[in-house]
Amino acid sequence: GVTPVSVSVIRGTAVIAHDITLIDVGWQQANPSPLSVAMTTHIAGRSQLTVPGDNSLSTSDGSRAAQEFELLVELLEHSKIPLSVALSPELAESLANETLPTALAAREIDLLISTVGGEVLSLPYRSVDPFAAGTAGLDERFISELDAGDAAMKAAFPSLTPVRSVWLADDAITSSAITTKGVDLLKSQGVERLIMTDDSYAGGALHHGIDDTQPGLFAVESTSLPVIITGAVGEIAPRPDVALEDQAVLFVARIMQLRREQPELARAVVLSAPDLDIPDVEAVQSIERLLSGDPTVEFMRVSELPDQITANRAIVTPSMPQVDLAQRQLTADALKVLIDDTGSMLNEDHEYVAQWNALINDLFDQRGSGQYVVDTIDVVTKETSAVRQWVSVPMSGTVNLTGRETPLPLVVENTGPEPLQVLVRLNSPRLVVPGEPLAITLPPGVSNVQVPVEARSNGSFDVEVEVLSPVGTPVVSGVTIVAKAMTLSGFGRLIGFGLILTLISWWVSHIRRQRQRAIAPNPVETQMP
């Protein structure tokens, strides 16, 4: 069996060197079942979202990520065990764009992972929890982020194709709170197995009996998915009081002991570090040396691990999602109405609209707290309101309508730097206005708008002015101007009728005078005898 051996070097009566190791004695199984060994790690992007719209890495996250990449390169250069890396897509972009504070290049990582036969695991671009998304019915949102993550990874590492068959269910990555709907969602995207640490798999219960060389199982109602467990045996956790070589011996001895107990069982071990950090290079090298001489041991990628019969107790109770994405969807829907309405004044491809929609998408990232959601609401509300406030209708005194169909002149101002699409609508019981609001484009500055109207009567009266978005919601309202109608056609009829009356009166008077002259006697004739 696996036996401890004490080795001492003694000079005279003094012990000048001492060590305790383990040896495997009498392994005589004729055809022992194979042992599959894989290795996985994770490099996270931003630890949390703080300022809406700011996608840059914080100084601490940038330093941490740069250091982890350097450790990754060292591991890939000195170990032949294929490595399965769950790498944040936003970090892959930063590496490709050379904005990460490190001298490493994406092509270097790409080449090293390919050389050792490693792989990159699929992750969503934004950290959208599939278990919360599935529960909230947001399958399409998760899938779109997963596709975006794969595209970013492919652009950064062209020789690698992101692998979806294995999903790391860990709080440092997306979530360990497994839900039935979330598992169904992952399975629809090709996920065949989950990887969980022994702590997460046990869910806080006692788990000293968990054998992480054998799989577990999530099985709730008709939904099931095998689970690869890591951490109990496979965790590489450096200890300052134990030499690395001794740690490797203990690691291998534990595996050998399990194999001796049930030699007929095929086993698989996934090497990892606490919190799925980069495993210690020297420890991995020592383990690799001890196992490489065993012909029954095969190093492989996590996605290639053989299927095994479940040996650990199954998870039969689904978890509650860690983030309520249904509530965030309600918030996103409300903001989307505001964005679409204000965006109609610009255009759907405008950079402002793209920025606002990106803020909505960020709401579903589990790294954003409740305060982050509140801050996002505040940013979108203020910025869309600012665009709408560019539009005003300056009061310009009384406007004169000198003809029955004379257009009403209106001054509308756009104080912003961008042209805006708006609708103008007038309301007055003494005006005939267009049935539909007038669609106009307001360039930056003051615009003189001619609104076709028809006056019903003469005189001064109030006209209510409204400026609407193309969607039809008010942008400017409560503005009233005074219009004075002096319609030419009515005025002409009035003057014409007066002239006719005057002429008639003159002619009547003239005729009367003529008649009176004709009737009166001649004064000369009346004096004759």
# chains A, B, ... in the order shown; residues from 1 in each chain; ligands from 1
$ closest_atom_pairs --of "segment 311-367 of chain A" --to "segment 376-400 of chain A" --cutoff "10 Å" --atoms "only C-alpha atoms" --output "Markdown table"
| residue | atom | partner | partner_atom | distance |
| --- | --- | --- | --- | --- |
| A:Thr331 | CA | A:Ile377 | CA | 8.1 |
| A:Ala332 | CA | A:Ile377 | CA | 8.9 |
| A:Ala334 | CA | A:Ile377 | CA | 9.5 |
| A:Leu335 | CA | A:Val380 | CA | 7.2 |
| A:Lys336 | CA | A:Val380 | CA | 9.5 |
| A:Leu338 | CA | A:Thr384 | CA | 7.4 |
| A:Ile339 | CA | A:Thr384 | CA | 6.9 |
| A:Asp340 | CA | A:Thr384 | CA | 9.9 |
| A:Asp341 | CA | A:Thr384 | CA | 9.1 |
| A:Thr342 | CA | A:Thr384 | CA | 6.2 |
| A:Gly343 | CA | A:Thr384 | CA | 8.4 |
| A:Met345 | CA | A:Arg388 | CA | 8.5 |
| A:Leu346 | CA | A:Val387 | CA | 9.2 |
| A:Tyr352 | CA | A:Glu383 | CA | 8.9 |
| A:Val353 | CA | A:Thr384 | CA | 9.3 |
| A:Gln355 | CA | A:Val380 | CA | 9.4 |
| A:Trp356 | CA | A:Val380 | CA | 6.4 |
| A:Asn357 | CA | A:Val380 | CA | 9.3 |
| A:Leu359 | CA | A:Thr376 | CA | 6.8 |
| A:Ile360 | CA | A:Thr376 | CA | 7.9 |
| A:Asp362 | CA | A:Thr376 | CA | 8.8 |
| A:Leu363 | CA | A:Thr376 | CA | 7.8 |
$ write_last_selection --atoms "N, CA and C atoms" --output "tab-separated table (two decimals), in the first residue's frame"
chain	number	residue	atom	x	y	z
A	331	THR	N	-36.63	47.05	-14.95
A	331	THR	CA	-35.91	48.33	-14.99
A	331	THR	C	-35.43	48.61	-16.40
A	332	ALA	N	-34.87	47.60	-17.05
A	332	ALA	CA	-34.36	47.76	-18.42
A	332	ALA	C	-35.49	48.13	-19.38
A	334	ALA	N	-38.25	49.78	-18.74
A	334	ALA	CA	-38.65	51.17	-18.54
A	334	ALA	C	-37.63	52.13	-19.16
A	335	LEU	N	-36.35	51.83	-18.99
A	335	LEU	CA	-35.31	52.68	-19.57
A	335	LEU	C	-35.29	52.58	-21.09
A	336	LYS	N	-35.62	51.40	-21.61
A	336	LYS	CA	-35.62	51.20	-23.06
A	336	LYS	C	-36.67	52.07	-23.73
A	338	LEU	N	-37.67	54.99	-22.72
A	338	LEU	CA	-37.12	56.35	-22.71
A	338	LEU	C	-36.03	56.50	-23.77
A	339	ILE	N	-35.18	55.49	-23.90
A	339	ILE	CA	-34.08	55.54	-24.88
A	339	ILE	C	-34.64	55.53	-26.30
A	340	ASP	N	-35.60	54.66	-26.58
A	340	ASP	CA	-36.16	54.58	-27.93
A	340	ASP	C	-36.86	55.89	-28.30
A	341	ASP	N	-37.56	56.48	-27.33
A	341	ASP	CA	-38.27	57.72	-27.61
A	341	ASP	C	-37.28	58.85	-27.91
A	342	THR	N	-36.28	59.01	-27.05
A	342	THR	CA	-35.29	60.07	-27.29
A	342	THR	C	-34.43	59.74	-28.50
A	343	GLY	N	-34.13	58.47	-28.69
A	343	GLY	CA	-33.33	58.06	-29.84
A	343	GLY	C	-34.01	58.36	-31.16
A	345	MET	N	-35.41	60.98	-31.91
A	345	MET	CA	-35.09	62.36	-32.26
A	345	MET	C	-33.71	62.46	-32.90
A	346	LEU	N	-32.85	61.49	-32.60
A	346	LEU	CA	-31.51	61.44	-33.20
A	346	LEU	C	-31.59	60.49	-34.39
A	352	TYR	N	-24.94	58.16	-29.07
A	352	TYR	CA	-25.63	58.30	-27.79
A	352	TYR	C	-26.55	57.11	-27.54
A	353	VAL	N	-27.29	56.72	-28.58
A	353	VAL	CA	-28.23	55.60	-28.46
A	353	VAL	C	-27.46	54.31	-28.15
A	355	GLN	N	-24.60	54.04	-26.64
A	355	GLN	CA	-24.11	54.11	-25.26
A	355	GLN	C	-25.21	53.81	-24.26
A	356	TRP	N	-26.39	54.36	-24.49
A	356	TRP	CA	-27.51	54.11	-23.57
A	356	TRP	C	-27.92	52.64	-23.59
A	357	ASN	N	-27.95	52.03	-24.78
A	357	ASN	CA	-28.31	50.62	-24.85
A	357	ASN	C	-27.26	49.74	-24.17
A	359	LEU	N	-25.56	50.61	-21.58
A	359	LEU	CA	-25.83	50.74	-20.15
A	359	LEU	C	-26.96	49.80	-19.72
A	360	ILE	N	-27.97	49.66	-20.56
A	360	ILE	CA	-29.06	48.73	-20.25
A	360	ILE	C	-28.53	47.30	-20.18
A	362	ASP	N	-25.60	46.33	-19.41
A	362	ASP	CA	-24.77	46.17	-18.22
A	362	ASP	C	-25.60	45.87	-16.97
A	363	LEU	N	-26.89	46.21	-16.99
A	363	LEU	CA	-27.74	45.94	-15.83
A	363	LEU	C	-27.81	44.46	-15.51
$ residues_around --residues "Lys181 of chain A" --least-positions-apart "4" --cutoff "10 Å" --atoms "only C-alpha atoms" --output "mmCIF file with N, CA, C and O atoms, in the first residue's frame"
data_model
loop_
_atom_site.group_PDB
_atom_site.id
_atom_site.type_symbol
_atom_site.label_atom_id
_atom_site.label_comp_id
_atom_site.auth_asym_id
_atom_site.auth_seq_id
_atom_site.Cartn_x
_atom_site.Cartn_y
_atom_site.Cartn_z
ATOM 1 N N PRO A 130 -26.066 32.266 -16.041
ATOM 2 C CA PRO A 130 -27.035 31.463 -16.788
ATOM 3 C C PRO A 130 -28.138 30.900 -15.907
ATOM 4 O O PRO A 130 -29.270 30.702 -16.361
ATOM 5 N N PHE A 131 -27.827 30.634 -14.640
ATOM 6 C CA PHE A 131 -28.832 30.061 -13.750
ATOM 7 C C PHE A 131 -29.896 31.099 -13.375
ATOM 8 O O PHE A 131 -31.074 30.784 -13.263
ATOM 9 N N ALA A 132 -29.476 32.352 -13.218
ATOM 10 C CA ALA A 132 -30.440 33.428 -12.972
ATOM 11 C C ALA A 132 -31.191 33.784 -14.252
ATOM 12 O O ALA A 132 -32.399 34.048 -14.227
ATOM 13 N N ALA A 133 -30.486 33.783 -15.386
ATOM 14 C CA ALA A 133 -31.112 34.123 -16.670
ATOM 15 C C ALA A 133 -32.178 33.098 -17.040
ATOM 16 O O ALA A 133 -33.274 33.461 -17.486
ATOM 17 N N GLY A 134 -31.865 31.823 -16.867
ATOM 18 C CA GLY A 134 -32.837 30.782 -17.185
ATOM 19 C C GLY A 134 -34.079 30.884 -16.320
ATOM 20 O O GLY A 134 -35.206 30.745 -16.799
ATOM 21 N N THR A 135 -33.893 31.162 -15.040
ATOM 22 C CA THR A 135 -35.018 31.283 -14.114
ATOM 23 C C THR A 135 -35.905 32.470 -14.478
ATOM 24 O O THR A 135 -37.132 32.411 -14.346
ATOM 25 N N ALA A 136 -35.287 33.569 -14.945
ATOM 26 C CA ALA A 136 -36.043 34.777 -15.294
ATOM 27 C C ALA A 136 -36.576 34.737 -16.722
ATOM 28 O O ALA A 136 -37.221 35.693 -17.159
ATOM 29 N N GLY A 137 -36.315 33.658 -17.460
ATOM 30 C CA GLY A 137 -36.783 33.576 -18.842
ATOM 31 C C GLY A 137 -35.994 34.442 -19.802
ATOM 32 O O GLY A 137 -36.496 34.826 -20.855
ATOM 33 N N ASP A 139 -33.329 33.721 -21.652
ATOM 34 C CA ASP A 139 -32.427 32.846 -22.394
ATOM 35 C C ASP A 139 -31.691 33.586 -23.504
ATOM 36 O O ASP A 139 -30.474 33.456 -23.659
ATOM 37 N N LEU A 185 -30.936 25.775 -19.967
ATOM 38 C CA LEU A 185 -30.376 26.786 -20.856
ATOM 39 C C LEU A 185 -28.965 26.409 -21.284
ATOM 40 O O LEU A 185 -28.620 26.492 -22.475
ATOM 41 N N LEU A 186 -28.133 25.989 -20.329
ATOM 42 C CA LEU A 186 -26.761 25.602 -20.660
ATOM 43 C C LEU A 186 -26.740 24.385 -21.588
ATOM 44 O O LEU A 186 -25.947 24.327 -22.534
ATOM 45 N N LYS A 187 -27.607 23.443 -21.328
ATOM 46 C CA LYS A 187 -27.654 22.253 -22.184
ATOM 47 C C LYS A 187 -28.048 22.614 -23.609
ATOM 48 O O LYS A 187 -27.553 22.020 -24.575
ATOM 49 N N THR A 223 -34.617 17.170 -15.211
ATOM 50 C CA THR A 223 -33.387 17.847 -15.632
ATOM 51 C C THR A 223 -32.195 17.268 -14.902
ATOM 52 O O THR A 223 -32.217 17.145 -13.669
ATOM 53 N N PRO A 318 -32.775 22.456 -6.333
ATOM 54 C CA PRO A 318 -32.223 23.614 -7.055
ATOM 55 C C PRO A 318 -31.985 24.776 -6.098
ATOM 56 O O PRO A 318 -32.626 24.902 -5.058
#
$ closest_atom_pairs --of "segment 117-185 of chain A" --to "segment 29-43 of chain A" --cutoff "12 Å" --atoms "only C-alpha atoms" --output "tab-separated table"
residue	atom	partner	partner_atom	distance
A:Gly117	CA	A:Ala38	CA	11.2
A:Gly118	CA	A:Met39	CA	9.2
A:Glu119	CA	A:Thr40	CA	9.5
A:Val120	CA	A:Thr40	CA	9.6
A:Leu121	CA	A:His42	CA	9.4
A:Ser122	CA	A:His42	CA	11.4
A:Leu123	CA	A:His42	CA	10.6
A:Val166	CA	A:Thr40	CA	11.0
A:Trp167	CA	A:Thr40	CA	11.3
A:Leu168	CA	A:His42	CA	9.0
A:Ala169	CA	A:His42	CA	11.4
A:Asp170	CA	A:His42	CA	10.0
A:Asp171	CA	A:His42	CA	11.5
A:Ala172	CA	A:His42	CA	8.5
A:Ile173	CA	A:His42	CA	7.7
A:Thr174	CA	A:His42	CA	11.3
$ select_by_dssp --residues "segment 64-101 of chain A" --states "alpha helix (DSSP H)" --output "list in words"
Arg64, Ala65, Ala66, Gln67, Glu68, Phe69, Glu70, Leu71, Leu72, Val73, Glu74, Leu75, Leu76, Glu77, His78, Pro89, Glu90, Leu91, Ala92, Glu93, Ser94, Leu95 and Ala96 of chain A
$ write_last_selection --atoms "N, CA and C atoms" --output "PDB file, in the first residue's frame"
ATOM      1  N   ARG A  64      -3.764  42.854 -10.934  1.00  0.00           N
ATOM      2  CA  ARG A  64      -4.016  41.444 -10.643  1.00  0.00           C
ATOM      3  C   ARG A  64      -4.059  40.612 -11.914  1.00  0.00           C
ATOM      4  N   ALA A  65      -4.803  41.100 -12.933  1.00  0.00           N
ATOM      5  CA  ALA A  65      -4.911  40.355 -14.184  1.00  0.00           C
ATOM      6  C   ALA A  65      -3.557  40.230 -14.875  1.00  0.00           C
ATOM      7  N   ALA A  66      -2.762  41.301 -14.888  1.00  0.00           N
ATOM      8  CA  ALA A  66      -1.440  41.250 -15.520  1.00  0.00           C
ATOM      9  C   ALA A  66      -0.559  40.216 -14.837  1.00  0.00           C
ATOM     10  N   GLN A  67      -0.612  40.167 -13.513  1.00  0.00           N
ATOM     11  CA  GLN A  67       0.194  39.192 -12.771  1.00  0.00           C
ATOM     12  C   GLN A  67      -0.270  37.770 -13.068  1.00  0.00           C
ATOM     13  N   GLU A  68      -1.582  37.580 -13.142  1.00  0.00           N
ATOM     14  CA  GLU A  68      -2.107  36.240 -13.414  1.00  0.00           C
ATOM     15  C   GLU A  68      -1.732  35.776 -14.818  1.00  0.00           C
ATOM     16  N   PHE A  69      -1.702  36.681 -15.783  1.00  0.00           N
ATOM     17  CA  PHE A  69      -1.276  36.310 -17.130  1.00  0.00           C
ATOM     18  C   PHE A  69       0.191  35.884 -17.135  1.00  0.00           C
ATOM     19  N   GLU A  70       1.003  36.564 -16.374  1.00  0.00           N
ATOM     20  CA  GLU A  70       2.419  36.192 -16.304  1.00  0.00           C
ATOM     21  C   GLU A  70       2.581  34.814 -15.676  1.00  0.00           C
ATOM     22  N   LEU A  71       1.781  34.524 -14.627  1.00  0.00           N
ATOM     23  CA  LEU A  71       1.812  33.185 -14.019  1.00  0.00           C
ATOM     24  C   LEU A  71       1.287  32.142 -15.004  1.00  0.00           C
ATOM     25  N   LEU A  72       0.287  32.520 -15.788  1.00  0.00           N
ATOM     26  CA  LEU A  72      -0.251  31.601 -16.788  1.00  0.00           C
ATOM     27  C   LEU A  72       0.815  31.237 -17.812  1.00  0.00           C
ATOM     28  N   VAL A  73       1.522  32.231 -18.298  1.00  0.00           N
ATOM     29  CA  VAL A  73       2.586  31.975 -19.270  1.00  0.00           C
ATOM     30  C   VAL A  73       3.651  31.066 -18.675  1.00  0.00           C
ATOM     31  N   GLU A  74       4.028  31.313 -17.449  1.00  0.00           N
ATOM     32  CA  GLU A  74       5.036  30.462 -16.799  1.00  0.00           C
ATOM     33  C   GLU A  74       4.552  29.026 -16.684  1.00  0.00           C
ATOM     34  N   LEU A  75       3.279  28.842 -16.333  1.00  0.00           N
ATOM     35  CA  LEU A  75       2.725  27.503 -16.223  1.00  0.00           C
ATOM     36  C   LEU A  75       2.712  26.802 -17.581  1.00  0.00           C
ATOM     37  N   LEU A  76       2.277  27.528 -18.613  1.00  0.00           N
ATOM     38  CA  LEU A  76       2.212  26.940 -19.949  1.00  0.00           C
ATOM     39  C   LEU A  76       3.590  26.595 -20.495  1.00  0.00           C
ATOM     40  N   GLU A  77       4.598  27.349 -20.089  1.00  0.00           N
ATOM     41  CA  GLU A  77       5.957  27.101 -20.570  1.00  0.00           C
ATOM     42  C   GLU A  77       6.620  25.926 -19.878  1.00  0.00           C
ATOM     43  N   HIS A  78       6.179  25.571 -18.684  1.00  0.00           N
ATOM     44  CA  HIS A  78       6.882  24.553 -17.907  1.00  0.00           C
ATOM     45  C   HIS A  78       6.064  23.298 -17.620  1.00  0.00           C
ATOM     46  N   PRO A  89     -13.704  37.318 -21.437  1.00  0.00           N
ATOM     47  CA  PRO A  89     -13.607  37.889 -22.789  1.00  0.00           C
ATOM     48  C   PRO A  89     -13.152  39.347 -22.794  1.00  0.00           C
ATOM     49  N   GLU A  90     -13.543  40.134 -21.788  1.00  0.00           N
ATOM     50  CA  GLU A  90     -13.112  41.535 -21.775  1.00  0.00           C
ATOM     51  C   GLU A  90     -11.601  41.634 -21.542  1.00  0.00           C
ATOM     52  N   LEU A  91     -11.027  40.650 -20.828  1.00  0.00           N
ATOM     53  CA  LEU A  91      -9.576  40.619 -20.662  1.00  0.00           C
ATOM     54  C   LEU A  91      -8.898  40.220 -21.962  1.00  0.00           C
ATOM     55  N   ALA A  92      -9.510  39.284 -22.678  1.00  0.00           N
ATOM     56  CA  ALA A  92      -8.953  38.881 -23.974  1.00  0.00           C
ATOM     57  C   ALA A  92      -8.887  40.078 -24.911  1.00  0.00           C
ATOM     58  N   GLU A  93      -9.943  40.911 -24.912  1.00  0.00           N
ATOM     59  CA  GLU A  93      -9.936  42.130 -25.728  1.00  0.00           C
ATOM     60  C   GLU A  93      -8.824  43.072 -25.289  1.00  0.00           C
ATOM     61  N   SER A  94      -8.688  43.256 -23.979  1.00  0.00           N
ATOM     62  CA  SER A  94      -7.654  44.156 -23.462  1.00  0.00           C
ATOM     63  C   SER A  94      -6.265  43.664 -23.842  1.00  0.00           C
ATOM     64  N   LEU A  95      -6.090  42.351 -23.811  1.00  0.00           N
ATOM     65  CA  LEU A  95      -4.803  41.773 -24.182  1.00  0.00           C
ATOM     66  C   LEU A  95      -4.534  41.998 -25.668  1.00  0.00           C
ATOM     67  N   ALA A  96      -5.567  41.792 -26.487  1.00  0.00           N
ATOM     68  CA  ALA A  96      -5.410  41.982 -27.932  1.00  0.00           C
ATOM     69  C   ALA A  96      -5.199  43.446 -28.290  1.00  0.00           C
TER      70      ALA A  96
END
$ residues_around --residues "Pro417 of chain A" --least-positions-apart "6" --cutoff "9 Å" --atoms "only C-alpha atoms" --output "MDAnalysis selection string"
chainID A and resid 390 443:445
$ closest_residue --among "A:Pro274, A:Glu261, A:Glu436, A:Ala253" --to "Leu291 of chain A" --atoms "only C-alpha atoms"
A:Ala253
$ atom_distance --atom1 "atom CA of Gly190 of chain A" --atom2 "atom CA of Ser165 of chain A"
5.4 Å
$ residues_around --residues "Leu146 of chain A" --least-positions-apart "2" --cutoff "8 Å" --atoms "only C-alpha atoms" --output "list in words"
Ser122, Leu123, Pro124, Tyr125, Phe142, Ile143, Ser144, Ala148, Gly149 and Asp150 of chain A
$ write_last_selection --atoms "N, CA and C atoms" --output "PDB file, in the first residue's frame"
ATOM      1  N   SER A 122     -15.812  28.694 -22.979  1.00  0.00           N
ATOM      2  CA  SER A 122     -16.727  29.791 -23.305  1.00  0.00           C
ATOM      3  C   SER A 122     -17.208  30.491 -22.039  1.00  0.00           C
ATOM      4  N   LEU A 123     -17.286  31.807 -22.118  1.00  0.00           N
ATOM      5  CA  LEU A 123     -17.870  32.625 -21.061  1.00  0.00           C
ATOM      6  C   LEU A 123     -18.656  33.755 -21.719  1.00  0.00           C
ATOM      7  N   PRO A 124     -19.716  34.233 -21.091  1.00  0.00           N
ATOM      8  CA  PRO A 124     -20.440  35.385 -21.656  1.00  0.00           C
ATOM      9  C   PRO A 124     -19.583  36.635 -21.586  1.00  0.00           C
ATOM     10  N   TYR A 125     -19.782  37.553 -22.549  1.00  0.00           N
ATOM     11  CA  TYR A 125     -18.992  38.783 -22.558  1.00  0.00           C
ATOM     12  C   TYR A 125     -19.254  39.577 -21.284  1.00  0.00           C
ATOM     13  N   PHE A 142     -28.811  35.826 -22.355  1.00  0.00           N
ATOM     14  CA  PHE A 142     -27.601  35.072 -22.006  1.00  0.00           C
ATOM     15  C   PHE A 142     -26.910  34.559 -23.261  1.00  0.00           C
ATOM     16  N   ILE A 143     -27.681  34.023 -24.198  1.00  0.00           N
ATOM     17  CA  ILE A 143     -27.094  33.451 -25.416  1.00  0.00           C
ATOM     18  C   ILE A 143     -26.373  34.530 -26.218  1.00  0.00           C
ATOM     19  N   SER A 144     -26.957  35.717 -26.301  1.00  0.00           N
ATOM     20  CA  SER A 144     -26.306  36.801 -27.057  1.00  0.00           C
ATOM     21  C   SER A 144     -24.988  37.194 -26.400  1.00  0.00           C
ATOM     22  N   ALA A 148     -21.266  36.796 -27.952  1.00  0.00           N
ATOM     23  CA  ALA A 148     -20.341  37.943 -27.971  1.00  0.00           C
ATOM     24  C   ALA A 148     -19.024  37.578 -27.296  1.00  0.00           C
ATOM     25  N   GLY A 149     -19.087  36.790 -26.223  1.00  0.00           N
ATOM     26  CA  GLY A 149     -17.867  36.349 -25.556  1.00  0.00           C
ATOM     27  C   GLY A 149     -17.023  35.462 -26.446  1.00  0.00           C
ATOM     28  N   ASP A 150     -17.665  34.545 -27.158  1.00  0.00           N
ATOM     29  CA  ASP A 150     -16.930  33.670 -28.082  1.00  0.00           C
ATOM     30  C   ASP A 150     -16.280  34.477 -29.196  1.00  0.00           C
TER      31      ASP A 150
END
$ atom_distance --atom1 "atom CA of Ser292 of chain A" --atom2 "atom CA of Val252 of chain A"
11.2 Å
$ atom_distance --atom1 "atom CA of Ser428 of chain A" --atom2 "atom CA of Asp462 of chain A"
6.8 Å
$ closest_residue --among "A:Thr296, A:Pro52, A:Ser114, A:Gln189" --to "Pro263 of chain A" --atoms "only C-alpha atoms"
A:Thr296
$ residues_around --residues "Gly231 of chain A" --least-positions-apart "2" --cutoff "7 Å" --atoms "only C-alpha atoms" --output "PyMOL selection string"
chain A and resi 197-198+229+233-235
$ write_last_selection --atoms "N, CA, C and O atoms" --output "PDB file, in the first residue's frame"
ATOM      1  N   THR A 197     -16.296  23.242  -7.397  1.00  0.00           N
ATOM      2  CA  THR A 197     -15.420  22.880  -6.292  1.00  0.00           C
ATOM      3  C   THR A 197     -16.213  22.030  -5.306  1.00  0.00           C
ATOM      4  O   THR A 197     -17.457  22.044  -5.296  1.00  0.00           O
ATOM      5  N   ASP A 198     -15.501  21.291  -4.479  1.00  0.00           N
ATOM      6  CA  ASP A 198     -16.199  20.434  -3.513  1.00  0.00           C
ATOM      7  C   ASP A 198     -17.029  21.263  -2.538  1.00  0.00           C
ATOM      8  O   ASP A 198     -18.116  20.856  -2.136  1.00  0.00           O
ATOM      9  N   ILE A 229     -16.185  17.309  -9.956  1.00  0.00           N
ATOM     10  CA  ILE A 229     -15.895  17.947  -8.672  1.00  0.00           C
ATOM     11  C   ILE A 229     -14.385  18.091  -8.519  1.00  0.00           C
ATOM     12  O   ILE A 229     -13.625  17.161  -8.802  1.00  0.00           O
ATOM     13  N   VAL A 233      -9.273  16.400  -3.524  1.00  0.00           N
ATOM     14  CA  VAL A 233      -7.992  15.766  -3.823  1.00  0.00           C
ATOM     15  C   VAL A 233      -7.180  16.612  -4.794  1.00  0.00           C
ATOM     16  O   VAL A 233      -5.970  16.777  -4.650  1.00  0.00           O
ATOM     17  N   GLY A 234      -7.861  17.181  -5.774  1.00  0.00           N
ATOM     18  CA  GLY A 234      -7.160  17.840  -6.872  1.00  0.00           C
ATOM     19  C   GLY A 234      -6.708  19.261  -6.614  1.00  0.00           C
ATOM     20  O   GLY A 234      -6.109  19.874  -7.499  1.00  0.00           O
ATOM     21  N   GLU A 235      -6.988  19.828  -5.443  1.00  0.00           N
ATOM     22  CA  GLU A 235      -6.626  21.226  -5.205  1.00  0.00           C
ATOM     23  C   GLU A 235      -5.156  21.361  -4.828  1.00  0.00           C
ATOM     24  O   GLU A 235      -4.675  20.677  -3.926  1.00  0.00           O
TER      25      GLU A 235
END
$ select_by_dssp --residues "segment 28-102 of chain A" --states "strand (DSSP E)" --output "VMD selection string"
chain A and resid 35 to 43 83 to 87
$ decode --residues "segment 43-53 of chain A" --atoms "N, CA, C and O atoms" --output "compact mmCIF listing (two decimals), in the first residue's frame"
# COMPACT_ATOMS: atom_id res chain seq x y z
N ILE A 43 -9.21 33.27 -15.12
CA ILE A 43 -8.69 34.63 -14.96
C ILE A 43 -9.86 35.58 -15.17
O ILE A 43 -10.43 35.65 -16.26
N ALA A 44 -10.21 36.31 -14.12
CA ALA A 44 -11.38 37.18 -14.15
C ALA A 44 -11.04 38.56 -14.68
O ALA A 44 -9.89 38.99 -14.63
N GLY A 45 -12.04 39.23 -15.19
CA GLY A 45 -11.89 40.62 -15.62
C GLY A 45 -12.16 41.55 -14.45
O GLY A 45 -11.59 41.39 -13.36
N ARG A 46 -13.06 42.51 -14.64
CA ARG A 46 -13.37 43.43 -13.55
C ARG A 46 -14.01 42.69 -12.38
O ARG A 46 -14.87 41.83 -12.58
N SER A 47 -13.62 43.03 -11.18
CA SER A 47 -14.19 42.37 -10.01
C SER A 47 -15.59 42.88 -9.72
O SER A 47 -16.43 42.14 -9.19
N GLN A 48 -15.88 44.14 -10.07
CA GLN A 48 -17.21 44.69 -9.90
C GLN A 48 -17.40 45.86 -10.85
O GLN A 48 -16.43 46.43 -11.35
N LEU A 49 -18.67 46.18 -11.09
CA LEU A 49 -19.00 47.36 -11.90
C LEU A 49 -19.26 48.51 -10.93
O LEU A 49 -20.03 48.36 -9.98
N THR A 50 -18.62 49.63 -11.18
CA THR A 50 -18.76 50.75 -10.26
C THR A 50 -19.39 51.98 -10.90
O THR A 50 -20.38 52.50 -10.41
N VAL A 51 -18.82 52.45 -12.02
CA VAL A 51 -19.33 53.65 -12.68
C VAL A 51 -20.01 53.25 -13.99
O VAL A 51 -19.38 52.65 -14.86
N PRO A 52 -21.32 53.52 -14.15
CA PRO A 52 -22.01 53.16 -15.39
C PRO A 52 -21.30 53.74 -16.61
O PRO A 52 -20.97 54.92 -16.65
N GLY A 53 -21.08 52.88 -17.59
CA GLY A 53 -20.44 53.32 -18.83
C GLY A 53 -18.94 53.24 -18.82
O GLY A 53 -18.31 53.36 -19.87
